[in-house]
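Okay, start11.txt now, which holds compact mmCIF, C-alpha atoms:
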```txt
# COMPACT_ATOMS: atom_id res chain seq x y z
CA MET A 328 -127.94 146.40 -247.44
CA SER A 329 -130.95 145.07 -249.32
CA ALA A 330 -134.49 145.11 -247.95
CA ILE A 331 -134.45 141.28 -247.92
CA MET A 332 -131.42 141.30 -245.64
CA TYR A 333 -133.19 143.64 -243.19
CA LYS A 334 -136.18 141.28 -243.12
CA LYS A 335 -133.86 138.44 -242.19
CA ILE A 336 -132.31 140.23 -239.21
CA PRO A 337 -134.92 139.08 -236.67
CA TYR A 338 -134.48 135.45 -237.75
CA ILE A 339 -130.71 135.71 -237.65
CA LEU A 340 -130.95 137.27 -234.20
CA LEU A 341 -133.10 134.41 -233.00
CA VAL A 342 -130.55 131.89 -234.23
CA ILE A 343 -127.73 133.82 -232.59
CA LEU A 344 -129.66 134.09 -229.33
CA PHE A 345 -130.28 130.36 -229.38
CA ALA A 346 -126.62 129.66 -230.09
CA PHE A 347 -125.53 132.03 -227.31
CA SER A 348 -127.91 130.52 -224.80
CA CYS A 349 -126.72 126.99 -225.57
CA LYS A 350 -123.10 128.02 -225.45
CA SER A 351 -123.40 129.91 -222.19
CA GLY A 352 -124.88 126.84 -220.55
CA GLN A 353 -121.92 124.74 -221.57
CA GLU A 354 -119.30 127.29 -220.67
CA SER A 355 -120.37 128.22 -217.20
CA GLY A 356 -120.29 124.65 -215.95
CA GLY A 357 -121.14 124.39 -212.25
CA GLU A 358 -123.78 127.01 -211.67
CA PHE A 359 -125.52 127.12 -215.02
CA GLY A 360 -124.56 123.71 -216.35
CA GLU A 361 -126.94 121.29 -217.97
CA VAL A 362 -129.79 120.17 -215.81
CA PRO A 363 -130.19 116.40 -215.76
CA ASP A 364 -133.46 115.12 -217.17
CA SER A 365 -134.22 113.61 -213.80
CA VAL A 366 -134.73 117.04 -212.28
CA LEU A 367 -136.96 118.47 -214.99
CA SER A 368 -140.66 118.36 -214.23
CA GLU A 369 -141.90 118.82 -217.79
CA GLY A 370 -144.04 115.88 -218.80
CA LEU A 371 -144.56 114.73 -215.23
CA LEU A 372 -147.34 117.12 -214.35
CA GLU A 373 -150.84 115.78 -213.87
CA ILE A 374 -152.24 119.30 -213.88
CA ASN A 375 -151.13 122.36 -215.79
CA GLU A 376 -148.18 124.28 -214.30
CA ASP A 377 -150.17 127.55 -214.21
CA VAL A 378 -153.06 125.87 -212.44
CA MET A 379 -150.67 124.38 -209.93
CA GLN A 380 -149.08 127.76 -209.27
CA ASP A 381 -152.55 129.15 -208.83
CA ILE A 382 -153.24 126.61 -206.06
CA VAL A 383 -150.68 128.39 -204.00
CA GLN A 384 -147.34 130.00 -204.69
CA ASN A 385 -146.20 130.49 -201.13
CA ILE A 386 -147.43 127.71 -198.89
CA SER A 387 -144.94 128.35 -196.16
CA SER A 388 -142.36 130.95 -195.31
CA PRO A 389 -139.03 130.11 -193.70
CA VAL A 390 -139.47 132.86 -191.12
CA GLU A 391 -143.15 133.04 -190.22
CA MET A 392 -143.29 130.08 -187.85
CA ALA A 393 -140.04 131.24 -186.23
CA ALA A 394 -141.51 134.75 -185.84
CA LEU A 395 -144.53 133.24 -184.11
CA LEU A 396 -142.36 131.24 -181.70
CA LYS A 397 -140.28 134.29 -180.87
CA SER A 398 -143.34 136.47 -180.36
CA LEU A 399 -144.67 133.91 -177.87
CA GLY A 400 -141.53 134.45 -175.80
CA VAL A 401 -140.31 130.90 -176.38
CA PRO A 402 -136.54 130.63 -175.78
CA PHE A 403 -134.24 129.48 -178.58
CA SER A 404 -133.13 125.85 -178.62
CA SER A 405 -130.44 124.49 -180.91
CA GLU A 406 -131.73 120.97 -180.18
CA TYR A 407 -134.62 121.53 -182.57
CA LEU A 408 -132.34 122.14 -185.54
CA ALA A 409 -131.54 119.59 -188.23
CA PRO A 410 -127.86 118.54 -188.18
CA THR A 411 -125.77 119.78 -191.11
CA ASP A 412 -122.87 117.31 -190.83
CA LYS A 413 -124.17 114.84 -193.43
CA VAL A 414 -124.97 117.35 -196.13
CA ASP A 415 -122.33 115.91 -198.48
CA ASN A 416 -124.07 112.53 -198.35
CA LEU A 417 -127.20 113.95 -199.96
CA THR A 418 -126.62 112.82 -203.51
CA THR A 419 -129.98 112.98 -205.30
CA SER A 420 -131.72 116.19 -206.36
CA PHE A 421 -134.81 114.97 -204.47
CA LYS A 422 -132.97 114.82 -201.12
CA GLN A 423 -130.94 117.93 -201.87
CA ALA A 424 -134.02 120.05 -202.59
CA PHE A 425 -136.00 118.71 -199.62
CA ASN A 426 -133.13 119.30 -197.17
CA LEU A 427 -132.51 122.73 -198.69
CA GLY A 428 -136.01 123.62 -197.49
CA VAL A 429 -135.37 122.12 -194.05
CA TYR A 430 -132.17 124.14 -193.64
CA GLY A 431 -133.95 127.22 -194.97
CA ALA A 432 -136.51 126.98 -192.17
CA ASP A 433 -133.71 126.45 -189.63
CA LEU A 434 -131.86 129.47 -191.02
CA GLY A 435 -135.05 131.52 -190.58
CA TYR A 436 -135.29 130.30 -186.98
CA LEU A 437 -131.63 131.17 -186.27
CA ASN A 438 -131.94 134.59 -187.92
CA MET A 439 -135.11 135.37 -185.99
CA TYR A 440 -133.27 134.72 -182.72
CA ASN A 441 -130.08 136.50 -183.92
CA LYS A 442 -127.98 133.36 -183.47
CA THR A 443 -125.40 134.45 -186.01
CA ASN A 444 -122.63 132.08 -184.85
CA ALA A 445 -124.65 128.99 -185.70
CA VAL A 446 -125.93 130.61 -188.90
CA LEU A 447 -122.62 129.95 -190.68
CA ASP A 448 -123.06 126.15 -190.66
CA TYR A 449 -126.52 126.49 -192.19
CA ILE A 450 -125.40 129.02 -194.79
CA GLN A 451 -122.62 126.62 -195.77
CA ALA A 452 -125.03 123.65 -195.99
CA ILE A 453 -127.49 125.69 -198.05
CA LYS A 454 -124.69 126.77 -200.38
CA VAL A 455 -123.68 123.13 -200.98
CA LEU A 456 -127.26 122.02 -201.66
CA SER A 457 -128.24 125.01 -203.79
CA ASP A 458 -125.13 124.51 -205.94
CA ALA A 459 -126.00 120.81 -206.24
CA ILE A 460 -129.41 121.57 -207.74
CA ARG A 461 -127.92 124.43 -209.77
CA VAL A 462 -129.58 127.37 -208.08
CA GLY A 463 -126.49 128.46 -206.15
CA GLN A 464 -126.26 131.62 -208.24
CA PHE A 465 -129.22 133.00 -206.26
CA PHE A 466 -127.65 132.36 -202.88
CA ASP A 467 -125.30 135.21 -201.98
CA PHE A 468 -123.04 133.11 -199.78
CA ASN A 469 -120.22 135.63 -199.37
CA THR A 470 -122.46 138.53 -198.33
CA LEU A 471 -124.41 136.31 -195.93
CA LYS A 472 -121.19 134.94 -194.44
CA ARG A 473 -119.83 138.47 -193.97
CA LEU A 474 -123.05 139.70 -192.34
CA ALA A 475 -123.21 136.66 -190.06
CA THR A 476 -119.51 136.90 -189.11
CA ASN A 477 -119.68 140.62 -188.34
CA ASN A 478 -122.92 140.15 -186.43
CA THR A 479 -124.16 143.44 -187.84
CA ASN A 480 -127.05 144.49 -190.01
CA LEU A 481 -129.25 141.58 -189.02
CA ASP A 482 -132.12 142.98 -191.09
CA SER A 483 -129.97 142.61 -194.20
CA LEU A 484 -129.06 139.06 -193.20
CA MET A 485 -132.73 138.20 -192.90
CA TYR A 486 -133.66 139.99 -196.14
CA ILE A 487 -130.92 138.35 -198.22
CA SER A 488 -131.68 134.90 -196.77
CA VAL A 489 -135.39 135.06 -197.50
CA HIS A 490 -134.92 136.81 -200.85
CA SER A 491 -132.44 134.12 -201.94
CA PHE A 492 -135.03 131.41 -201.29
CA ASN A 493 -137.68 133.39 -203.16
CA GLN A 494 -135.32 133.82 -206.13
CA MET A 495 -134.54 130.08 -206.19
CA ASP A 496 -138.26 129.30 -206.08
CA LYS A 497 -139.07 131.69 -208.95
CA TYR A 498 -136.20 130.38 -211.06
CA LEU A 499 -137.11 126.73 -210.56
CA ARG A 500 -140.77 127.35 -211.35
CA SER A 501 -140.02 129.34 -214.48
CA ASN A 502 -137.62 126.66 -215.71
CA LYS A 503 -140.07 123.77 -215.43
CA ARG A 504 -138.37 122.44 -212.32
CA SER A 505 -141.27 123.09 -210.00
CA ASN A 506 -140.87 119.55 -208.66
CA LEU A 507 -137.72 120.82 -206.92
CA SER A 508 -139.31 124.08 -205.76
CA THR A 509 -142.18 122.01 -204.34
CA LEU A 510 -139.67 119.87 -202.44
CA ILE A 511 -137.97 122.96 -201.01
CA LEU A 512 -141.38 124.25 -199.94
CA THR A 513 -142.20 120.87 -198.40
CA GLY A 514 -138.94 120.89 -196.45
CA VAL A 515 -139.62 124.41 -195.19
CA TRP A 516 -143.14 123.44 -194.14
CA ILE A 517 -142.30 120.19 -192.30
CA GLU A 518 -139.39 121.83 -190.47
CA GLY A 519 -141.61 124.77 -189.47
CA LEU A 520 -144.23 122.34 -188.19
CA TYR A 521 -141.52 120.36 -186.39
CA LEU A 522 -140.23 123.50 -184.63
CA ALA A 523 -143.76 124.45 -183.58
CA THR A 524 -144.65 120.95 -182.34
CA GLN A 525 -141.38 120.61 -180.41
CA VAL A 526 -142.17 123.88 -178.62
CA ALA A 527 -145.77 122.72 -178.05
CA LYS A 528 -144.38 119.66 -176.26
CA GLU A 529 -142.93 121.96 -173.63
CA GLU A 530 -145.31 124.92 -173.66
CA ASP A 531 -149.07 124.83 -173.27
CA ASN A 532 -150.01 127.78 -175.44
CA ALA A 533 -153.43 128.24 -177.06
CA ASP A 534 -152.10 130.31 -179.99
CA LEU A 535 -149.47 127.75 -180.82
CA LYS A 536 -151.97 124.92 -180.53
CA GLU A 537 -154.29 126.72 -182.92
CA ARG A 538 -151.46 127.44 -185.38
CA ILE A 539 -150.53 123.76 -185.41
CA GLY A 540 -154.17 122.72 -185.89
CA GLU A 541 -154.71 125.02 -188.84
CA GLN A 542 -151.80 123.36 -190.66
CA LYS A 543 -154.48 120.85 -191.64
CA LEU A 544 -155.47 123.33 -194.40
CA ILE A 545 -151.91 123.82 -195.60
CA LEU A 546 -151.19 120.08 -195.58
CA GLU A 547 -154.22 119.52 -197.78
CA LYS A 548 -152.85 121.99 -200.38
CA LEU A 549 -149.35 120.59 -200.10
CA ILE A 550 -150.55 117.05 -200.79
CA ILE A 551 -152.41 118.25 -203.92
CA VAL A 552 -149.20 119.83 -205.19
CA LEU A 553 -147.03 116.80 -204.27
CA GLU A 554 -149.47 114.35 -205.88
CA ASN A 555 -148.90 116.21 -209.09
CA PHE A 556 -145.45 114.61 -209.30
CA SER A 557 -146.32 111.22 -207.86
CA ARG A 558 -145.42 109.36 -211.06
CA ASP A 559 -141.95 109.63 -209.56
CA THR A 560 -141.53 106.94 -206.87
CA ASN A 561 -139.83 109.32 -204.44
CA PHE A 562 -142.78 111.70 -204.64
CA ALA A 563 -145.25 108.83 -204.35
CA ASN A 564 -143.54 107.72 -201.11
CA LEU A 565 -143.54 111.27 -199.81
CA VAL A 566 -147.25 111.63 -200.56
CA ALA A 567 -147.92 108.36 -198.68
CA ASP A 568 -145.98 109.69 -195.67
CA PHE A 569 -147.83 113.00 -195.77
CA LYS A 570 -151.17 111.22 -196.02
CA ASP A 571 -150.28 109.34 -192.83
CA LEU A 572 -149.61 112.68 -191.19
CA GLN A 573 -152.87 114.02 -192.62
CA GLU A 574 -154.77 111.27 -190.78
CA THR A 575 -153.58 112.64 -187.45
CA PHE A 576 -155.03 116.04 -188.43
CA GLU A 577 -158.41 114.51 -189.31
CA PRO A 578 -160.07 115.24 -185.91
CA VAL A 579 -159.09 118.94 -186.08
CA GLU A 580 -162.20 121.01 -186.75
CA ILE A 581 -162.04 124.42 -188.36
CA SER A 582 -165.14 126.60 -188.46
CA TYR A 583 -165.73 130.17 -189.60
CA VAL A 584 -167.50 133.18 -188.14
CA LYS A 585 -168.69 135.54 -190.87
CA GLY A 586 -167.87 139.24 -190.84
CA GLU A 587 -167.22 142.12 -193.22
CA PRO A 588 -163.74 143.66 -193.55
CA GLU A 589 -163.20 147.18 -192.22
CA ALA A 590 -160.72 149.81 -193.38
CA ILE A 591 -159.36 152.28 -190.86
CA GLU A 592 -156.58 154.86 -191.05
CA GLU A 593 -154.12 155.26 -188.19
CA ASP A 594 -151.25 157.78 -188.41
CA GLY A 595 -151.59 157.84 -192.19
CA MET A 596 -151.39 154.05 -192.44
CA LEU A 597 -154.31 152.20 -193.96
CA ILE A 598 -155.26 149.16 -191.89
CA ILE A 599 -157.61 146.46 -193.08
CA VAL A 600 -159.25 144.47 -190.30
CA GLN A 601 -160.66 141.14 -191.30
CA ASN A 602 -163.75 140.41 -189.28
CA GLU A 603 -164.32 136.96 -190.68
CA LYS A 604 -162.60 134.59 -188.28
CA SER A 605 -161.53 130.98 -188.28
CA VAL A 606 -161.91 128.94 -185.12
CA VAL A 607 -159.71 125.90 -184.66
CA ASP A 608 -160.82 123.09 -182.38
CA ILE A 609 -158.03 120.67 -181.52
CA SER A 610 -158.00 118.33 -178.54
CA ASP A 611 -154.91 117.61 -176.43
CA ASP A 612 -154.92 114.00 -177.62
CA THR A 613 -154.96 115.07 -181.26
CA LEU A 614 -152.17 117.55 -180.60
CA THR A 615 -150.06 114.82 -179.00
CA GLU A 616 -150.62 112.55 -182.00
CA ILE A 617 -149.64 115.35 -184.39
CA ILE A 618 -146.51 116.12 -182.35
CA ASP A 619 -145.43 112.46 -182.35
CA LYS A 620 -146.18 111.86 -186.02
CA THR A 621 -144.48 115.08 -187.12
CA GLU A 622 -141.35 114.19 -185.15
CA GLU A 623 -141.28 110.67 -186.57
CA LEU A 624 -141.83 111.84 -190.16
CA ARG A 625 -139.41 114.76 -190.06
CA ASN A 626 -136.65 112.64 -188.50
CA LYS A 627 -137.26 109.91 -191.05
CA LEU A 628 -137.06 112.36 -193.94
CA ILE A 629 -133.92 114.17 -192.83
CA SER A 630 -132.11 110.94 -192.03
CA ALA A 631 -133.05 109.20 -195.28
CA ILE A 632 -129.54 109.52 -196.67
CA MET B 1298 -124.13 142.57 -241.47
CA LYS B 1299 -122.17 140.60 -238.86
CA LYS B 1300 -121.44 143.81 -236.98
CA ILE B 1301 -125.10 144.82 -236.94
CA CYS B 1302 -126.14 141.43 -235.56
CA TYR B 1303 -123.37 141.51 -232.97
CA ILE B 1304 -124.32 145.01 -231.82
CA LEU B 1305 -128.03 144.16 -231.69
CA THR B 1306 -127.36 140.97 -229.74
CA LEU B 1307 -125.08 142.82 -227.34
CA PHE B 1308 -127.72 145.52 -226.94
CA PHE B 1309 -130.37 142.87 -226.24
CA PHE B 1310 -128.31 141.13 -223.55
CA THR B 1311 -127.25 144.42 -221.96
CA THR B 1312 -130.87 145.57 -221.83
CA VAL B 1313 -131.98 142.30 -220.22
CA LEU B 1314 -129.15 142.42 -217.68
CA VAL B 1315 -129.72 146.08 -216.77
CA LYS B 1316 -133.45 145.44 -216.43
CA ALA B 1317 -132.86 142.42 -214.14
CA GLN B 1318 -130.50 144.43 -211.96
CA GLY B 1319 -132.97 147.32 -211.93
CA THR B 1320 -135.70 144.96 -210.74
CA ASP B 1321 -133.48 143.60 -207.94
CA ILE B 1322 -132.75 147.15 -206.80
CA LEU B 1323 -136.44 148.05 -206.93
CA VAL B 1324 -137.29 144.96 -204.83
CA ALA B 1325 -134.64 145.87 -202.24
CA GLN B 1326 -135.77 149.51 -202.15
CA CYS B 1327 -139.41 148.55 -201.85
CA ALA B 1328 -138.66 146.03 -199.07
CA ALA B 1329 -136.76 148.77 -197.23
CA SER B 1330 -139.63 151.23 -197.73
CA ALA B 1331 -142.03 148.78 -196.05
CA GLY B 1332 -140.76 150.23 -192.78
CA GLU B 1333 -138.72 149.33 -189.73
CA ASN B 1334 -139.47 146.39 -187.49
CA VAL B 1335 -141.13 144.42 -190.25
CA THR B 1336 -139.77 141.24 -191.82
CA TYR B 1337 -139.72 140.79 -195.60
CA LEU B 1338 -141.52 137.63 -196.67
CA LYS B 1339 -142.21 137.79 -200.39
CA ASP B 1340 -141.99 140.02 -203.43
CA PHE B 1341 -144.26 140.24 -206.45
CA VAL B 1342 -142.55 141.64 -209.53
CA VAL B 1343 -144.81 142.63 -212.42
CA GLU B 1344 -144.45 144.13 -215.85
CA LEU B 1345 -147.79 145.01 -217.41
CA GLU B 1346 -148.60 146.11 -220.91
CA ALA B 1347 -151.04 148.89 -221.75
CA ALA B 1348 -154.70 147.92 -221.78
CA THR B 1349 -156.20 147.46 -225.20
CA ALA B 1350 -159.37 149.37 -226.03
CA GLY B 1351 -162.52 147.70 -224.73
CA GLU B 1352 -160.56 145.17 -222.64
CA LYS B 1353 -160.05 145.00 -218.88
CA PRO B 1354 -156.69 146.51 -217.78
CA PRO B 1355 -154.03 143.79 -217.42
CA GLN B 1356 -153.27 142.63 -213.90
CA ALA B 1357 -150.97 140.08 -212.29
CA LYS B 1358 -152.22 137.56 -209.74
CA PHE B 1359 -150.30 135.85 -206.95
CA SER B 1360 -151.66 133.38 -204.41
CA MET B 1361 -150.35 132.84 -200.91
CA VAL B 1362 -151.21 131.45 -197.51
CA LEU B 1363 -151.71 133.97 -194.71
CA SER B 1364 -152.05 132.98 -191.06
CA LYS B 1365 -154.59 133.91 -188.44
CA ASN B 1366 -153.75 136.42 -185.69
CA THR B 1367 -150.99 137.95 -187.75
CA MET B 1368 -150.52 141.50 -188.98
CA TYR B 1369 -149.08 141.64 -192.49
CA ARG B 1370 -148.06 144.65 -194.55
CA PHE B 1371 -148.57 144.93 -198.30
CA THR B 1372 -146.40 147.60 -199.94
CA ILE B 1373 -146.47 148.70 -203.57
CA CYS B 1374 -143.69 150.49 -205.45
CA THR B 1375 -143.98 151.71 -209.03
CA ALA B 1376 -140.85 151.64 -211.20
CA PRO B 1377 -139.67 155.15 -212.21
CA ASP B 1378 -140.05 154.32 -215.92
CA SER B 1379 -143.72 153.34 -215.57
CA GLU B 1380 -146.39 155.46 -217.19
CA GLY B 1381 -148.95 154.89 -214.45
CA GLU B 1382 -149.20 154.28 -210.73
CA ALA B 1383 -149.36 150.68 -209.52
CA ILE B 1384 -152.15 149.42 -207.25
CA ILE B 1385 -151.99 146.39 -204.97
CA GLN B 1386 -155.19 144.64 -203.92
CA LEU B 1387 -155.86 141.72 -201.59
CA TYR B 1388 -158.68 139.27 -202.19
CA ASP B 1389 -160.13 136.39 -200.19
CA MET B 1390 -161.74 134.25 -202.91
CA ASN B 1391 -163.81 136.86 -204.75
CA THR B 1392 -164.07 139.36 -201.91
CA LEU B 1393 -161.92 142.46 -202.05
CA LEU B 1394 -160.37 142.92 -198.60
CA GLY B 1395 -158.04 145.83 -199.16
CA SER B 1396 -156.48 148.07 -201.79
CA SER B 1397 -153.72 150.66 -201.91
CA PHE B 1398 -156.07 152.86 -203.94
CA ILE B 1399 -159.47 153.80 -202.54
CA MET B 1400 -161.69 154.53 -205.50
CA ALA B 1401 -164.38 156.30 -203.43
CA THR B 1402 -161.95 158.96 -202.16
CA GLY B 1403 -159.40 158.82 -204.95
CA LYS B 1404 -156.68 158.46 -202.30
CA SER B 1405 -153.60 156.32 -202.84
CA TYR B 1406 -151.50 154.74 -200.09
CA PRO B 1407 -148.01 153.23 -200.34
CA GLY B 1408 -149.61 150.06 -199.02
CA PHE B 1409 -151.74 148.77 -196.18
CA ASN B 1410 -151.60 146.60 -193.10
CA PHE B 1411 -153.81 143.54 -192.97
CA LYS B 1412 -154.99 142.07 -189.67
CA CYS B 1413 -155.52 138.48 -190.69
CA GLN B 1414 -158.09 136.53 -188.65
CA LYS B 1415 -158.45 133.50 -190.86
CA THR B 1416 -155.74 131.14 -192.07
CA GLY B 1417 -156.12 130.37 -195.75
CA VAL B 1418 -155.22 131.10 -199.33
CA TYR B 1419 -155.43 134.75 -200.37
CA HIS B 1420 -154.84 136.40 -203.72
CA VAL B 1421 -152.85 139.53 -204.49
CA PHE B 1422 -153.60 141.47 -207.67
CA ILE B 1423 -151.31 144.15 -209.02
CA SER B 1424 -152.43 146.50 -211.78
CA ILE B 1425 -151.50 149.90 -213.17
CA LYS B 1426 -154.01 152.75 -212.84
CA ASP B 1427 -156.00 153.54 -215.99
CA GLY B 1428 -154.55 150.49 -217.75
CA LYS B 1429 -151.26 152.23 -218.51
CA PRO B 1430 -148.11 150.18 -219.08
CA GLY B 1431 -145.57 149.84 -216.30
CA ARG B 1432 -143.44 147.85 -213.93
CA ALA B 1433 -144.02 147.51 -210.21
CA VAL B 1434 -143.01 145.54 -207.15
CA GLY B 1435 -145.31 144.44 -204.36
CA ILE B 1436 -143.85 143.37 -201.01
CA LEU B 1437 -145.44 141.19 -198.34
CA SER B 1438 -143.97 141.70 -194.87
CA PHE B 1439 -144.62 140.21 -191.45
CA VAL B 1440 -145.41 142.96 -188.93
CA GLU B 1441 -146.39 141.18 -185.73
CA LYS B 1442 -148.26 138.36 -184.13
CA LEU B 1443 -151.58 139.74 -182.80
```

Just dump the structure as structure tokens.
Amino acid sequence: MSAIMYKKIPYILLVILFAFSCKSGQESGGEFGEVPDSVLSEGLLEINEDVMQDIVQNISSPVEMAALLKSLGVPFSSEYLAPTDKVDNLTTSFKQAFNLGVYGADLGYLNMYNKTNAVLDYIQAIKVLSDAIRVGQFFDFNTLKRLATNNTNLDSLMYISVHSFNQMDKYLRSNKRSNLSTLILTGVWIEGLYLATQVAKEEDNADLKERIGEQKLILEKLIIVLENFSRDTNFANLVADFKDLQETFEPVEISYVKGEPEAIEEDGMLIIVQNEKSVVDISDDTLTEIIDKTEELRNKLISAI
Amino acid sequence: MKKICYILTLFFFTTVLVKAQGTDILVAQCAASAGENVTYLKDFVVELEAATAGEKPPQAKFSMVLSKNTMYRFTICTAPDSEGEAIIQLYDMNTLLGSSFIMATGKSYPGFNFKCQKTGVYHVFISIKDGKPGRAVGILSFVEKL
């Protein structure tokens, strides 16, 4: 083979790779099929994608709020959960992604309380929605179903659930569909706040009150990220709703007490103690307003079918 | 010529696939190594090139929200094919809060617990010691509510 032919190999490879990638998209249909233009975020962004990711990559976790509720000794209640019976009526990628986040938070809540019987409905709903926005390949439905049905290895059930959401998030962000990953995140966050505020209605707990109050900071970040897509009417409406919610958080005051971090070693484990502290001041009236507004907004968003 | 291209393409795809699977396994192993009674929250997968002479060693940055009165665990796992050991560091703005490698003593830890007292955005940096090339996985886990 001539030297010229060798030089051409990289170019030929590139062409082949391109052809293969296009072809594989067409062939695999459902899971890797073409993504409609309506769900691509490229060209919509007000700020650079990297800058946006730098704002915050993990605003809320589907299990952290549930872990807090469980650690407070709050009993499980299925009444807090979003119903899954109308999942097939969610026909736009906007609603599908948002509700995927809502169900993700509910799945975290169910897993945290080991309610494996009810988990199946949520796994099924998440499967439907993740397939609809073409990220179903990251959701290991069969393994999750098996783990939930056998009621064994609950750690694995939790790991696979959370890891699946993380994989979906990474994939969407890296494929210029961060509008959808932002919606999933928003769904997770509002459902987590809803769970916390519903519990706060019944339980007078200072830790919970503080955790709700400090969501003021998270909401601020979330609105910045959502505004980035507000050329889309659906996002613009969502931002308006979240700004209404933000108004109820306005009286919450967060102050800081300075302190230097300390490193200690206990049983071979390095422990970093943060001595800078935040102090959240939230009145009962403000809490009540936040509870009411969160309930109204969350119910409006999950029923907007 | 066709055969060469076919073999090279096949080799490329196989390498990518094997690497992706290897990363998934490393994430699962690292999450498991974080310990019992902790809940996996997030993973940070990095692949860093060797530092070039006179430049700062490459590092990967991830931002996240951590909540007050919560104990988190940061765990770092270096891929077996890496040339150097990975380090995970936690920053609040520009202040270093914790690191898996203590420069003063030269001691490395598989990770560290962080008693968070302030809700806010924190930054995780992952780098490879001495600017060597390598792959690594960082894991953030929830330990307990304080």

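By chain and then residue number, the residues within 10 Å of B:Pro1355 are Glu1344, Leu1345, Glu1346, Ala1347, Ala1348, Thr1349, Ile1423, Ser1424, Ile1425, Gly1428, Lys1429 and Pro1430 of chain B, counting only C-alpha atoms and disregarding those fewer than 4 positions away in sequence.
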
Could you save the residues just selected, with C-alpha atoms, as an mmCIF file, in the frame of the given file?
```
data_model
loop_
_atom_site.group_PDB
_atom_site.id
_atom_site.type_symbol
_atom_site.label_atom_id
_atom_site.label_comp_id
_atom_site.auth_asym_id
_atom_site.auth_seq_id
_atom_site.Cartn_x
_atom_site.Cartn_y
_atom_site.Cartn_z
ATOM 1 C CA GLU B 1344 -144.450 144.130 -215.850
ATOM 2 C CA LEU B 1345 -147.790 145.010 -217.410
ATOM 3 C CA GLU B 1346 -148.600 146.110 -220.910
ATOM 4 C CA ALA B 1347 -151.040 148.890 -221.750
ATOM 5 C CA ALA B 1348 -154.700 147.920 -221.780
ATOM 6 C CA THR B 1349 -156.200 147.460 -225.200
ATOM 7 C CA ILE B 1423 -151.310 144.150 -209.020
ATOM 8 C CA SER B 1424 -152.430 146.500 -211.780
ATOM 9 C CA ILE B 1425 -151.500 149.900 -213.170
ATOM 10 C CA GLY B 1428 -154.550 150.490 -217.750
ATOM 11 C CA LYS B 1429 -151.260 152.230 -218.510
ATOM 12 C CA PRO B 1430 -148.110 150.180 -219.080
#
```

(message) Using all atoms listed in the file, I'd like every residue of chain B that has an atom within 8 Å of chain A; please write them out as a PyMOL selection string.
(response) chain B and resi 1302+1305-1306+1336-1340+1359-1362+1364-1365+1394-1395+1406+1408-1418+1439+1441-1442

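Atom CA of A:Arg504 is positioned 23.8 Å from atom CA of B:Val1324.
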
(message) Please compute the atom CA of B:Leu1387-atom CA of B:Asp1321 distance, one decimal, in Å.
(response)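 Computed distance, atom CA of B:Leu1387 to atom CA of B:Asp1321, equals 23.3 Å.
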
(message) Rounded to one decimal, what separation in Å do you get between atom CA of A:Lys497 and atom CA of B:Cys1327?
(response)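 Pair atom CA of A:Lys497 / atom CA of B:Cys1327 returns 18.3 Å.
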
(request) Select, from A:Ala563, A:Leu546, A:Ile617, A:Leu512, the residue with the minimum atom-to-atom distance to A:Pro578, counting all atoms listed in the file. (result)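 Closest to A:Pro578 of all the choices is A:Ile617.
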
(request) Tell me, as a ChimeraX atom specification, which residues lie within 8 Å of A:Ile450, counting only C-alpha atoms; anything in the same chain fewer than 2 positions away does not count. (result) /A:434,446-448,452-454,468,471-472

(request) Could you check which of B:Ala1357, B:Ala1328, B:Leu1393, B:Ala1433 is closest to B:Gly1381, using all atoms listed in the file? (result)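 Ranking B:Ala1357, B:Ala1328, B:Leu1393, B:Ala1433 by distance to B:Gly1381, first place goes to B:Ala1433.
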
(request) Would you please work out which residue, of A:Phe425, A:Tyr440, A:Gln451, A:Lys585, is nearest to A:Asp412 when using all atoms listed in the file? (result) A:Gln451

Give me the box for stretch 396-408 of chain A as lines of an AutoDock Vina configuration file, namely the centre and edge lengths in Å to one decimal of a box along x, y and z that holds every listed atom plus 3 Å on each side.
```
center_x = -137.6
center_y = 128.7
center_z = -180.7
size_x = 20.2
size_y = 21.5
size_z = 15.8
```
